[in-house]
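Quick look at structure-v5.txt (compact mmCIF, C-alpha atoms):
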```
# COMPACT_ATOMS: atom_id res chain seq x y z
CA MET D 1 0.00 0.00 0.00
CA PRO D 2 1.47 3.41 -0.91
CA ALA D 3 2.72 5.48 1.96
CA HIS D 4 0.73 8.41 3.20
CA PRO D 5 2.08 11.68 1.69
CA SER D 6 3.00 12.96 5.15
CA SER D 7 5.23 9.92 5.78
CA ARG D 8 7.28 10.23 2.59
CA MET D 9 10.87 11.40 2.71
CA PRO D 10 11.18 15.14 1.99
CA SER D 11 12.72 16.22 -1.25
CA CYS D 12 16.27 17.60 -1.40
CA PRO D 13 15.20 21.28 -1.32
CA GLN D 14 12.93 20.52 1.62
CA GLN D 15 15.77 18.85 3.49
CA LEU D 16 18.00 21.86 2.89
CA GLY D 17 15.53 24.11 4.64
CA ASP D 18 15.13 21.97 7.73
CA ALA D 19 18.26 23.14 9.58
CA SER D 20 17.58 24.39 13.07
CA GLY D 21 18.41 27.87 14.29
CA PRO D 22 17.34 31.35 13.15
CA ALA D 23 15.43 31.05 9.90
CA PRO D 24 17.08 32.67 6.86
CA LEU D 25 15.10 35.46 5.25
CA ARG D 26 13.14 34.79 2.10
CA THR D 27 15.19 36.22 -0.74
CA VAL D 28 13.94 38.17 -3.74
CA ALA D 29 16.23 36.03 -5.91
CA ASP D 30 19.08 33.69 -5.18
CA LEU D 31 22.64 34.97 -5.11
CA ARG D 32 23.46 33.50 -8.52
CA ASN D 33 21.19 36.08 -10.18
CA TYR D 34 23.41 38.85 -8.78
CA LEU D 35 26.73 37.09 -9.38
CA ALA D 36 25.72 36.53 -13.00
CA THR D 37 26.29 40.27 -13.55
CA VAL D 38 30.01 39.86 -12.77
CA PRO D 39 31.75 39.53 -16.17
CA ASP D 40 33.63 36.32 -16.95
CA PRO D 41 37.12 37.27 -18.22
CA ARG D 42 38.08 33.73 -19.27
CA ALA D 43 38.60 32.68 -22.88
CA ARG D 44 35.77 30.45 -24.09
CA ARG D 45 38.05 27.58 -25.05
CA GLY D 46 38.71 25.00 -22.36
CA ILE D 47 36.17 26.22 -19.80
CA ARG D 48 35.17 23.35 -17.54
CA HIS D 49 33.23 24.96 -14.69
CA PRO D 50 30.57 27.71 -14.97
CA TRP D 51 31.80 31.12 -13.83
CA THR D 52 28.78 31.82 -11.63
CA ALA D 53 29.02 28.40 -9.99
CA LEU D 54 32.64 29.07 -8.98
CA LEU D 55 31.78 32.46 -7.48
CA THR D 56 28.74 31.04 -5.69
CA ALA D 57 30.77 28.16 -4.26
CA ALA D 58 33.35 30.59 -2.89
CA ALA D 59 30.57 32.68 -1.32
CA ALA D 60 28.99 29.60 0.29
CA ALA D 61 32.34 28.44 1.67
CA VAL D 62 33.10 31.85 3.22
CA LEU D 63 29.58 31.88 4.69
CA ALA D 64 30.60 28.62 6.39
CA GLY D 65 33.75 30.20 7.80
CA ALA D 66 36.39 29.56 5.13
CA ALA D 67 39.06 32.22 5.70
CA SER D 68 41.44 31.35 2.85
CA ILE D 69 41.49 30.00 -0.69
CA THR D 70 42.74 26.65 0.65
CA ALA D 71 39.79 26.46 3.06
CA ILE D 72 37.37 27.35 0.25
CA GLY D 73 38.82 24.56 -1.89
CA GLU D 74 38.48 22.07 0.97
CA TRP D 75 34.84 23.04 1.57
CA VAL D 76 34.00 22.59 -2.12
CA ALA D 77 35.92 19.31 -2.34
CA ASP D 78 33.93 17.90 0.58
CA ALA D 79 30.54 19.06 -0.74
CA PRO D 80 28.01 16.30 -1.56
CA GLN D 81 26.84 15.87 -5.14
CA ARG D 82 23.45 17.47 -4.47
CA VAL D 83 25.16 20.59 -3.07
CA LEU D 84 27.47 20.85 -6.08
CA ALA D 85 24.43 20.58 -8.35
CA LEU D 86 22.62 23.38 -6.53
CA LEU D 87 25.74 25.54 -6.78
CA GLY D 88 25.49 25.19 -10.55
CA PHE D 89 28.25 22.73 -11.41
CA ARG D 90 27.62 20.38 -14.33
CA PRO D 91 27.86 16.55 -14.19
CA ASP D 92 30.29 14.63 -16.35
CA PRO D 93 28.32 13.48 -19.44
CA LEU D 94 29.91 10.02 -19.26
CA THR D 95 29.74 9.18 -15.55
CA GLY D 96 26.99 11.56 -14.44
CA LEU D 97 29.15 12.64 -11.49
CA ILE D 98 30.08 16.22 -10.66
CA HIS D 99 33.79 16.71 -10.15
CA PRO D 100 34.42 19.71 -7.87
CA PRO D 101 36.91 22.36 -9.00
CA HIS D 102 40.42 22.31 -7.63
CA ALA D 103 41.49 25.02 -5.18
CA THR D 104 43.90 26.34 -7.83
CA THR D 105 40.98 26.87 -10.23
CA ILE D 106 39.09 28.79 -7.56
CA ARG D 107 42.15 30.92 -6.84
CA LEU D 108 42.60 31.82 -10.52
CA VAL D 109 38.91 32.67 -10.90
CA LEU D 110 38.76 34.92 -7.83
CA ALA D 111 42.03 36.62 -8.78
CA ALA D 112 40.58 37.43 -12.21
CA ALA D 113 37.20 38.69 -10.98
CA ASP D 114 36.29 42.35 -11.41
CA GLY D 115 36.29 43.65 -7.81
CA ASP D 116 33.98 46.58 -8.55
CA ALA D 117 31.41 44.36 -10.28
CA LEU D 118 31.54 41.77 -7.50
CA ASP D 119 31.09 44.37 -4.76
CA ARG D 120 28.13 45.87 -6.65
CA ALA D 121 26.53 42.42 -6.94
CA ILE D 122 27.07 41.75 -3.22
CA GLY D 123 25.73 45.16 -2.23
CA HIS D 124 22.60 44.78 -4.38
CA SER D 125 21.93 41.29 -3.05
CA LEU D 126 22.13 42.44 0.57
CA GLN D 127 19.96 45.48 -0.10
CA GLU D 128 17.22 43.44 -1.78
CA ARG D 129 17.50 40.39 0.45
CA LYS D 130 15.97 42.17 3.43
CA ALA D 131 12.90 44.40 3.35
CA PRO D 132 13.89 47.97 4.23
CA ALA D 133 13.47 48.73 7.92
CA SER D 134 11.03 51.39 8.98
CA GLY D 135 12.55 54.72 9.88
CA ARG D 136 15.53 56.60 8.53
CA LYS D 137 18.49 54.77 6.98
CA ILE D 138 21.79 55.57 8.74
CA ILE D 139 24.95 54.72 6.79
CA ALA D 140 28.54 54.84 8.03
CA VAL D 141 31.44 55.39 5.62
CA ASP D 142 34.92 54.30 6.65
CA GLY D 143 38.13 52.88 5.20
CA LYS D 144 40.33 49.87 6.01
CA THR D 145 43.79 48.79 4.93
CA LEU D 146 44.43 45.09 4.22
CA ARG D 147 47.83 44.96 5.91
CA GLY D 148 48.83 41.53 4.68
CA SER D 149 48.47 42.55 1.02
CA ARG D 150 51.52 44.83 1.14
CA THR D 151 54.50 43.79 -0.98
CA ALA D 152 57.97 45.19 -1.56
CA LYS D 153 56.80 46.84 -4.78
CA GLN D 154 53.28 47.97 -3.93
CA PRO D 155 51.43 49.36 -0.90
CA ALA D 156 48.74 47.45 0.93
CA VAL D 157 45.27 47.37 -0.63
CA ALA D 158 42.99 50.00 0.93
CA LEU D 159 39.20 49.73 0.79
CA ILE D 160 36.37 52.09 1.68
CA ALA D 161 32.97 50.71 2.65
CA ALA D 162 29.45 51.99 3.27
CA MET D 163 27.66 50.06 6.01
CA THR D 164 24.30 50.52 7.68
CA HIS D 165 24.48 51.08 11.43
CA SER D 166 22.73 47.72 11.77
CA GLY D 167 25.70 45.95 10.19
CA GLN D 168 25.10 45.35 6.44
CA VAL D 169 27.71 46.48 3.90
CA LEU D 170 25.89 48.19 1.03
CA ALA D 171 28.93 49.07 -1.08
CA GLN D 172 32.70 48.75 -1.12
CA ARG D 173 35.38 50.29 -3.31
CA GLN D 174 39.14 50.02 -3.64
CA ILE D 175 41.10 53.21 -3.07
CA ASP D 176 43.67 54.28 -5.63
CA GLY D 177 47.10 53.45 -4.25
CA LYS D 178 48.32 56.98 -5.03
CA SER D 179 45.35 58.72 -3.42
CA ASN D 180 43.20 58.53 -0.27
CA GLU D 181 39.55 57.97 0.68
CA ILE D 182 38.28 61.41 -0.35
CA PRO D 183 37.97 60.87 -4.15
CA ALA D 184 36.32 57.47 -3.56
CA PHE D 185 33.50 58.86 -1.39
CA ALA D 186 30.98 59.77 -4.11
CA PRO D 187 31.67 56.75 -6.40
CA LEU D 188 31.19 54.50 -3.37
CA LEU D 189 27.71 55.87 -2.67
CA ASP D 190 26.57 56.18 -6.31
CA SER D 191 24.99 52.70 -6.31
CA ILE D 192 22.96 53.24 -3.10
CA ASP D 193 19.55 54.88 -2.77
CA LEU D 194 20.36 57.73 -0.39
CA THR D 195 16.96 59.41 -0.31
CA GLY D 196 16.36 60.55 3.26
CA ALA D 197 19.44 58.73 4.57
CA VAL D 198 21.93 60.16 7.08
CA ILE D 199 25.60 59.62 6.27
CA THR D 200 28.15 59.48 9.08
CA ALA D 201 31.92 59.61 8.50
CA ASP D 202 35.10 60.73 10.21
CA ALA D 203 36.62 64.20 9.89
CA LEU D 204 38.51 63.29 6.70
CA HIS D 205 35.20 63.39 4.81
CA THR D 206 34.13 66.79 6.12
CA GLN D 207 34.51 68.22 2.63
CA HIS D 208 32.40 70.86 0.87
CA ASP D 209 32.13 68.66 -2.23
CA HIS D 210 30.85 65.74 -0.14
CA ALA D 211 28.16 67.89 1.47
CA THR D 212 27.03 69.19 -1.92
CA TYR D 213 26.95 65.66 -3.35
CA LEU D 214 24.84 64.30 -0.48
CA HIS D 215 22.39 67.20 -0.74
CA ARG D 216 22.01 66.54 -4.47
CA ARG D 217 21.32 62.86 -3.72
CA GLY D 218 18.62 63.73 -1.18
CA ALA D 219 20.68 62.65 1.83
CA HIS D 220 21.80 64.36 5.05
CA TYR D 221 25.14 64.28 6.81
CA LEU D 222 26.64 64.31 10.29
CA ALA D 223 30.10 65.78 9.68
CA VAL D 224 32.81 65.86 12.35
CA VAL D 225 34.63 69.20 12.51
CA LYS D 226 38.27 69.13 13.64
CA ARG D 227 41.24 71.46 13.39
CA ASN D 228 42.05 70.32 9.86
CA HIS D 229 39.27 72.81 8.99
CA PRO D 230 40.50 75.64 11.24
CA ALA D 231 38.04 78.36 10.22
CA LEU D 232 34.99 76.07 10.43
CA HIS D 233 36.21 74.54 13.69
CA GLU D 234 36.74 77.96 15.25
CA SER D 235 33.29 79.17 14.12
CA VAL D 236 31.54 76.18 15.68
CA ARG D 237 33.69 76.20 18.82
CA ARG D 238 32.94 79.89 19.50
CA LEU D 239 29.17 79.43 19.48
CA PRO D 240 27.68 80.33 22.92
CA TRP D 241 27.40 76.72 24.06
CA ARG D 242 27.08 77.67 27.74
CA ASP D 243 23.75 79.31 26.94
CA VAL D 244 22.42 76.38 24.88
CA HIS D 245 20.12 73.94 26.65
CA LEU D 246 21.10 70.27 26.97
CA ASP D 247 19.48 67.99 24.38
CA HIS D 248 20.78 64.63 25.59
CA TYR D 249 22.44 63.21 28.69
CA GLU D 250 23.66 59.65 29.05
CA ARG D 251 25.63 57.86 31.74
CA GLY D 252 26.98 54.34 31.53
CA ARG D 253 29.72 51.92 32.50
CA ALA D 254 31.69 49.80 30.04
CA HIS D 255 35.26 48.74 29.30
CA HIS D 256 36.30 49.32 32.94
CA ARG D 257 35.30 52.96 32.94
CA ASP D 258 32.43 55.27 33.82
CA GLU D 259 31.30 57.52 31.01
CA ILE D 260 29.03 60.55 30.78
CA ARG D 261 27.94 61.94 27.40
CA ARG D 262 26.28 65.32 26.93
CA LEU D 263 24.99 66.67 23.63
CA LYS D 264 23.82 70.15 22.66
CA THR D 265 22.50 71.40 19.32
CA ALA D 266 22.41 74.96 18.03
CA THR D 267 20.61 76.32 14.99
CA PHE D 268 22.41 78.95 12.95
CA ALA D 269 21.79 81.00 9.85
CA HIS D 270 25.27 81.45 8.46
CA LEU D 271 28.18 79.04 8.53
CA ASP D 272 30.74 78.29 5.85
CA TYR D 273 29.68 74.74 5.09
CA PRO D 274 27.18 73.71 2.36
CA HIS D 275 23.58 73.15 3.50
CA ALA D 276 24.51 73.02 7.20
CA ARG D 277 21.49 73.69 9.43
CA GLN D 278 22.69 72.80 12.93
CA ALA D 279 25.90 72.59 14.94
CA LEU D 280 26.43 69.94 17.60
CA HIS D 281 28.62 69.93 20.69
CA VAL D 282 29.37 66.57 22.34
CA VAL D 283 31.26 66.30 25.64
CA ARG D 284 32.51 62.89 26.78
CA ARG D 285 33.77 62.49 30.35
CA ARG D 286 35.45 59.18 31.10
CA ARG D 287 36.86 57.90 34.40
CA ASP D 288 39.02 54.79 34.42
CA LEU D 289 37.79 52.49 37.19
CA GLY D 290 41.25 51.09 37.78
CA THR D 291 43.41 54.23 37.85
CA GLY D 292 40.77 56.86 38.55
CA LYS D 293 42.10 58.96 35.67
CA LEU D 294 39.55 61.41 34.24
CA THR D 295 39.57 62.41 30.57
CA ILE D 296 37.35 64.98 28.88
CA GLU D 297 36.81 65.02 25.12
CA ARG D 298 34.93 67.70 23.18
CA ILE D 299 33.64 66.97 19.69
CA TYR D 300 32.02 69.40 17.26
CA LEU D 301 29.84 68.46 14.32
CA VAL D 302 27.60 70.06 11.72
CA THR D 303 24.54 68.50 10.12
CA SER D 304 22.18 69.27 7.29
CA LEU D 305 19.25 67.95 9.31
CA PRO D 306 16.86 70.80 10.12
CA PRO D 307 15.82 71.47 13.73
CA GLY D 308 13.25 68.93 14.91
CA ALA D 309 14.14 66.31 12.28
CA ALA D 310 15.86 64.18 14.92
CA THR D 311 15.82 64.15 18.70
CA GLY D 312 18.93 64.65 20.80
CA SER D 313 18.83 60.97 21.71
CA GLU D 314 18.74 59.95 18.03
CA LEU D 315 21.62 62.24 17.15
CA ALA D 316 23.70 60.87 20.04
CA THR D 317 22.94 57.30 18.94
CA TRP D 318 23.96 58.01 15.35
CA ILE D 319 27.20 59.71 16.36
CA ARG D 320 28.15 56.86 18.64
CA GLY D 321 26.87 54.26 16.18
CA HIS D 322 29.28 55.39 13.47
CA TRP D 323 32.11 53.52 15.15
CA ARG D 324 30.18 50.27 14.90
CA ILE D 325 31.73 49.86 11.46
CA GLU D 326 34.97 49.18 13.33
CA ASN D 327 33.42 46.62 15.68
CA GLN D 328 30.81 45.05 13.42
CA LEU D 329 32.89 44.84 10.24
CA HIS D 330 36.61 45.57 10.42
CA HIS D 331 37.14 43.87 13.79
CA ILE D 332 35.23 40.75 12.69
CA ARG D 333 37.14 40.49 9.41
CA ASP D 334 40.41 40.77 11.34
CA ARG D 335 39.68 38.56 14.32
CA THR D 336 37.23 35.98 12.92
CA PHE D 337 38.43 35.76 9.30
CA HIS D 338 42.09 36.65 10.12
CA GLU D 339 42.13 39.24 7.35
CA ASP D 340 45.14 41.22 8.49
CA ALA D 341 47.16 38.02 8.86
CA SER D 342 46.31 36.90 5.32
CA LYS D 343 49.19 37.10 2.84
CA THR D 344 46.86 36.98 -0.16
CA ARG D 345 48.30 39.45 -2.67
CA THR D 346 47.54 38.16 -6.18
CA ARG D 347 45.70 40.61 -8.44
CA SER D 348 42.10 41.08 -7.19
CA LEU D 349 42.23 38.41 -4.49
CA PRO D 350 42.54 40.70 -1.41
CA ARG D 351 39.62 42.84 -2.56
CA VAL D 352 37.47 39.86 -3.61
CA MET D 353 38.01 37.99 -0.35
CA ALA D 354 37.08 41.13 1.62
CA GLY D 355 33.87 41.38 -0.42
CA LEU D 356 32.94 37.75 0.24
CA ARG D 357 33.53 38.32 3.97
CA ASN D 358 31.24 41.36 3.84
CA LEU D 359 28.58 39.17 2.24
CA ALA D 360 28.90 36.49 4.93
CA ILE D 361 28.76 38.99 7.79
CA GLY D 362 25.76 40.80 6.26
CA ILE D 363 23.77 37.61 5.66
CA HIS D 364 24.36 36.26 9.15
CA ARG D 365 23.29 39.60 10.67
CA GLN D 366 20.15 39.69 8.52
CA ASP D 367 19.34 36.16 9.65
CA GLY D 368 19.40 37.24 13.29
CA HIS D 369 22.88 36.13 14.38
CA THR D 370 24.71 38.55 16.65
CA ASN D 371 27.75 36.32 17.24
CA ILE D 372 29.28 35.93 13.78
CA ALA D 373 31.92 33.40 14.89
CA ALA D 374 29.21 31.14 16.32
CA ALA D 375 27.11 31.58 13.15
CA LEU D 376 30.07 30.51 10.99
CA ARG D 377 30.65 27.41 13.13
CA ARG D 378 26.97 26.47 12.96
CA THR D 379 26.87 26.94 9.19
CA ALA D 380 30.03 24.88 8.72
CA ARG D 381 28.45 21.84 10.37
CA ASP D 382 26.16 21.17 7.40
CA HIS D 383 26.97 21.81 3.74
CA PRO D 384 23.37 22.67 2.73
CA ARG D 385 23.02 25.46 5.32
CA PRO D 386 24.88 28.19 3.40
CA LEU D 387 22.89 27.31 0.27
CA THR D 388 19.65 27.97 2.09
CA ALA D 389 20.96 31.31 3.37
CA LEU D 390 22.07 32.28 -0.18
CA GLY D 391 18.62 31.52 -1.62
CA LEU D 392 19.75 28.51 -3.65
CA ALA D 393 17.35 26.11 -1.98
```

So that I can check it, write out the structure of this file as structure tokens.
Amino acid sequence: MPAHPSSRMPSCPQQLGDASGPAPLRTVADLRNYLATVPDPRARRGIRHPWTALLTAAAAAVLAGAASITAIGEWVADAPQRVLALLGFRPDPLTGLIHPPHATTIRLVLAAADGDALDRAIGHSLQERKAPASGRKIIAVDGKTLRGSRTAKQPAVALIAAMTHSGQVLAQRQIDGKSNEIPAFAPLLDSIDLTGAVITADALHTQHDHATYLHRRGAHYLAVVKRNHPALHESVRRLPWRDVHLDHYERGRAHHRDEIRRLKTATFAHLDYPHARQALHVVRRRRDLGTGKLTIERIYLVTSLPPGAATGSELATWIRGHWRIENQLHHIRDRTFHEDASKTRTRSLPRVMAGLRNLAIGIHRQDGHTNIAAALRRTARDHPRPLTALGLA
């Protein structure tokens, strides 16, 4: 007698979705649709493995914690036939078996990939994978140097990234070795919908051209003002802050110190910075619990947000949240993926590996994981798990 439908073994895609833990988000389209936009630079003759399958396999391996090309190759070599099929690899027409690519093949493919195209594909996939959160989008812009990529003949690869304060990298761009982050600011943000967003960055990006660009894109800024802009810094510093009422007060204890933060905002009519509407004065008082040493830090900012557009508490959260890009991205890539220790230097490899790590971190955060190291370990325990998270199953 035929078995009842409910007692039958689940199909392969059903099995792939049965892993326990936080449920991956439903994707608009699987990752392969985005990676297909990355151009294949290989000559047509002698191609054995599909380009998109190789990129997707590398992404799945990094999502499972692979921190090097060798580890990616090992993950792919150990993958079951059904996983290789879902990644897009083709079976041998004679035997019907799928032979996984060698680690050397994966290295050559990733080294030849267009870093800009890959980062755009990753950014678009993360932006469309999760429904936009309610409220204003807050985006931090910051740079990072891949220290292990330095050679005797060329400087280390430097990257600049745009990341939401909730931890998803929306865009990344390599900085010209003979320049700095400033010229890369606008090209980095060109692919992101900035309407109504607030952009946070360090004092290096307090540039008139940046403010004009963000205004044209419909975005606002929170720009740190330091002494590298002496006239602007002096104008903001000399505002009558003693007479301005307190907008936010916060006291807390962390990292073996007591900390008090005070924030004031002042509206002004004339200041030599494009579209600036308010000035901000932040005072941080910190007392080390071990030594008792007291330090006081004063920070000045300008913003294009009009009065009443954000509360003092929101402004304080955004200012403090900017530095999450260090903890939620750069620190994780260094400590969990050992990025600074990596000696990967061939062509596009440093940039491509950084992009794949951004993808893994963003997906795990979107799926509700706050401990990325634990999420990587969990994903590594079952080959189908990263496929489910990437929308392949």

Straight-line distance linking atom CA of Arg286 of chain D with atom CA of Arg257 of chain D, stated in Å to one decimal: 6.5 Å

Distance criterion (all atoms listed in the file): nearest to Ala276 of chain D out of D:Val236, D:Ala354, D:Ala380, D:Ala373: D:Val236

So which residues touch segment 158-169 of chain D within 6 Å, counting all atoms listed in the file, skipping near sequence neighbours fewer than 3 positions away, as a list of chain:residue names? D:Ile138, D:Ile139, D:Ala140, D:Val141, D:Asp142, D:Gly143, D:Lys144, D:Thr145, D:Gln172, D:Arg173, D:Gln174, D:Ile175, D:Gly362

Using all atoms listed in the file, which residue out of D:Trp323, D:Leu97, D:Arg32, D:Thr105 lies closest to Arg48 of chain D?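 For Arg48 of chain D, the nearest of the given residues is D:Thr105.
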
Pick out the closest residue to Arg324 of chain D from this set: D:Ala71, D:Leu305, D:Ala254, D:Ala201. Count all atoms listed in the file.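 For Arg324 of chain D, the nearest of the given residues is D:Ala201.
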
Counting all atoms listed in the file, which of D:Arg261, D:Ile69, D:Thr212, D:Gly391 gets nearest to Ala111 of chain D? D:Ile69

Go through D:His245, D:Arg277, D:Arg351, D:Arg285 one by one, measure the shortest atom-to-atom distance of each to Ala211 of chain D using only C-alpha atoms, and give the residue with the smallest value.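 Of all the options, D:Arg277 lies closest to Ala211 of chain D.
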
Determine, counting all atoms listed in the file, which protein, DNA and RNA residues have an atom within 12 Å of an atom of Leu194 of chain D; residues of the same chain fewer than 2 positions away are not included. Present the result as a compact mmCIF listing (two decimals) with C-alpha atoms, in the coordinates of the input.
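File written: out07.txt
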```txt
# COMPACT_ATOMS: atom_id res chain seq x y z
CA ARG D 136 15.53 56.60 8.53
CA LYS D 137 18.49 54.77 6.98
CA ILE D 138 21.79 55.57 8.74
CA ILE D 139 24.95 54.72 6.79
CA ALA D 162 29.45 51.99 3.27
CA THR D 164 24.30 50.52 7.68
CA LEU D 170 25.89 48.19 1.03
CA ALA D 186 30.98 59.77 -4.11
CA LEU D 188 31.19 54.50 -3.37
CA LEU D 189 27.71 55.87 -2.67
CA ASP D 190 26.57 56.18 -6.31
CA SER D 191 24.99 52.70 -6.31
CA ILE D 192 22.96 53.24 -3.10
CA GLY D 196 16.36 60.55 3.26
CA ALA D 197 19.44 58.73 4.57
CA VAL D 198 21.93 60.16 7.08
CA ILE D 199 25.60 59.62 6.27
CA TYR D 213 26.95 65.66 -3.35
CA LEU D 214 24.84 64.30 -0.48
CA HIS D 215 22.39 67.20 -0.74
CA ARG D 216 22.01 66.54 -4.47
CA ARG D 217 21.32 62.86 -3.72
CA GLY D 218 18.62 63.73 -1.18
CA ALA D 219 20.68 62.65 1.83
CA HIS D 220 21.80 64.36 5.05
CA TYR D 221 25.14 64.28 6.81
```

As a list of chain:residue names, please: the residues near His233 of chain D (cut-off 9 Å, all atoms listed in the file, same-chain neighbours under 6 positions excluded).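 Final neighbour list, sorted by chain and number: D:Val225, D:Lys226, D:Arg227, D:Tyr300, D:Leu301.
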
Next, the residues of the selection above should be written as a short mmCIF file (atom, residue, chain, number, x, y, z; two decimals), keeping the file's coordinate frame with C-alpha atoms.
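Once written, selection03.cif looks like this:
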```
data_model
loop_
_atom_site.label_atom_id
_atom_site.label_comp_id
_atom_site.auth_asym_id
_atom_site.auth_seq_id
_atom_site.Cartn_x
_atom_site.Cartn_y
_atom_site.Cartn_z
CA VAL D 225 34.63 69.20 12.51
CA LYS D 226 38.27 69.13 13.64
CA ARG D 227 41.24 71.46 13.39
CA TYR D 300 32.02 69.40 17.26
CA LEU D 301 29.84 68.46 14.32
#
```

Would you mind listing what lies within 7 Å of segment 330-339 of chain D as a list in words, with all atoms listed in the file counted and same-chain residues fewer than 3 positions away left out?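 Once the adjacent positions are removed, what remains is Ala67, Ile325, Glu326, Asn327, Ser342, Arg357 and Ala373 of chain D.
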
Dump C-alpha atoms for the selected residues as a PDB file, in the coordinates of the input?
```pdb
ATOM      1  CA  ALA D  67      39.060  32.220   5.700  1.00  0.00           C
ATOM      2  CA  ILE D 325      31.730  49.860  11.460  1.00  0.00           C
ATOM      3  CA  GLU D 326      34.970  49.180  13.330  1.00  0.00           C
ATOM      4  CA  ASN D 327      33.420  46.620  15.680  1.00  0.00           C
ATOM      5  CA  SER D 342      46.310  36.900   5.320  1.00  0.00           C
ATOM      6  CA  ARG D 357      33.530  38.320   3.970  1.00  0.00           C
ATOM      7  CA  ALA D 373      31.920  33.400  14.890  1.00  0.00           C
TER       8      ALA D 373
END
```

Pick from D:Asp114, D:Asp202, D:Asp258, D:Asp40 nearest to Leu54 of chain D, counting only C-alpha atoms: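 Under the stated criterion, the closest residue is D:Asp40.
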
I'd like the neighbourhood of segment 307-319 of chain D as a PDB file with C-alpha atoms, in the frame of the given file, where a residue qualifies if any of its atoms comes within 9 Å (using all atoms listed in the file), though same-chain residues fewer than 2 positions away should be ignored.
```
ATOM      1  CA  ILE D 138      21.790  55.570   8.740  1.00  0.00           C
ATOM      2  CA  HIS D 165      24.480  51.080  11.430  1.00  0.00           C
ATOM      3  CA  VAL D 198      21.930  60.160   7.080  1.00  0.00           C
ATOM      4  CA  THR D 200      28.150  59.480   9.080  1.00  0.00           C
ATOM      5  CA  LEU D 222      26.640  64.310  10.290  1.00  0.00           C
ATOM      6  CA  LEU D 246      21.100  70.270  26.970  1.00  0.00           C
ATOM      7  CA  ASP D 247      19.480  67.990  24.380  1.00  0.00           C
ATOM      8  CA  HIS D 248      20.780  64.630  25.590  1.00  0.00           C
ATOM      9  CA  TYR D 249      22.440  63.210  28.690  1.00  0.00           C
ATOM     10  CA  GLU D 250      23.660  59.650  29.050  1.00  0.00           C
ATOM     11  CA  ARG D 261      27.940  61.940  27.400  1.00  0.00           C
ATOM     12  CA  ARG D 262      26.280  65.320  26.930  1.00  0.00           C
ATOM     13  CA  LEU D 263      24.990  66.670  23.630  1.00  0.00           C
ATOM     14  CA  LYS D 264      23.820  70.150  22.660  1.00  0.00           C
ATOM     15  CA  THR D 265      22.500  71.400  19.320  1.00  0.00           C
ATOM     16  CA  ALA D 266      22.410  74.960  18.030  1.00  0.00           C
ATOM     17  CA  THR D 267      20.610  76.320  14.990  1.00  0.00           C
ATOM     18  CA  ARG D 277      21.490  73.690   9.430  1.00  0.00           C
ATOM     19  CA  GLN D 278      22.690  72.800  12.930  1.00  0.00           C
ATOM     20  CA  VAL D 282      29.370  66.570  22.340  1.00  0.00           C
ATOM     21  CA  LEU D 305      19.250  67.950   9.310  1.00  0.00           C
ATOM     22  CA  GLY D 321      26.870  54.260  16.180  1.00  0.00           C
ATOM     23  CA  HIS D 322      29.280  55.390  13.470  1.00  0.00           C
ATOM     24  CA  TRP D 323      32.110  53.520  15.150  1.00  0.00           C
TER      25      TRP D 323
END
```

Step by step: start from the point (41.3, 28.2, -1.5) in the file's coordinates, keep every protein, DNA or RNA residue that has an atom no farther than 8 Å from it, count only C-alpha atoms, and write the set as a list in words. Ser68, Ile69, Thr70, Ala71, Ile72, Gly73, Glu74, Ala103, Thr104, Ile106 and Arg107 of chain D

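When atom CA of Arg45 of chain D is paired with atom CA of Ala85 of chain D, their separation reads 22.7 Å.
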
Please measure the separation of atom CA of Val283 of chain D and atom CA of Arg298 of chain D, giving the value in Å to one decimal.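 Answer for the atom CA of Val283 of chain D to atom CA of Arg298 of chain D separation: 4.6 Å.
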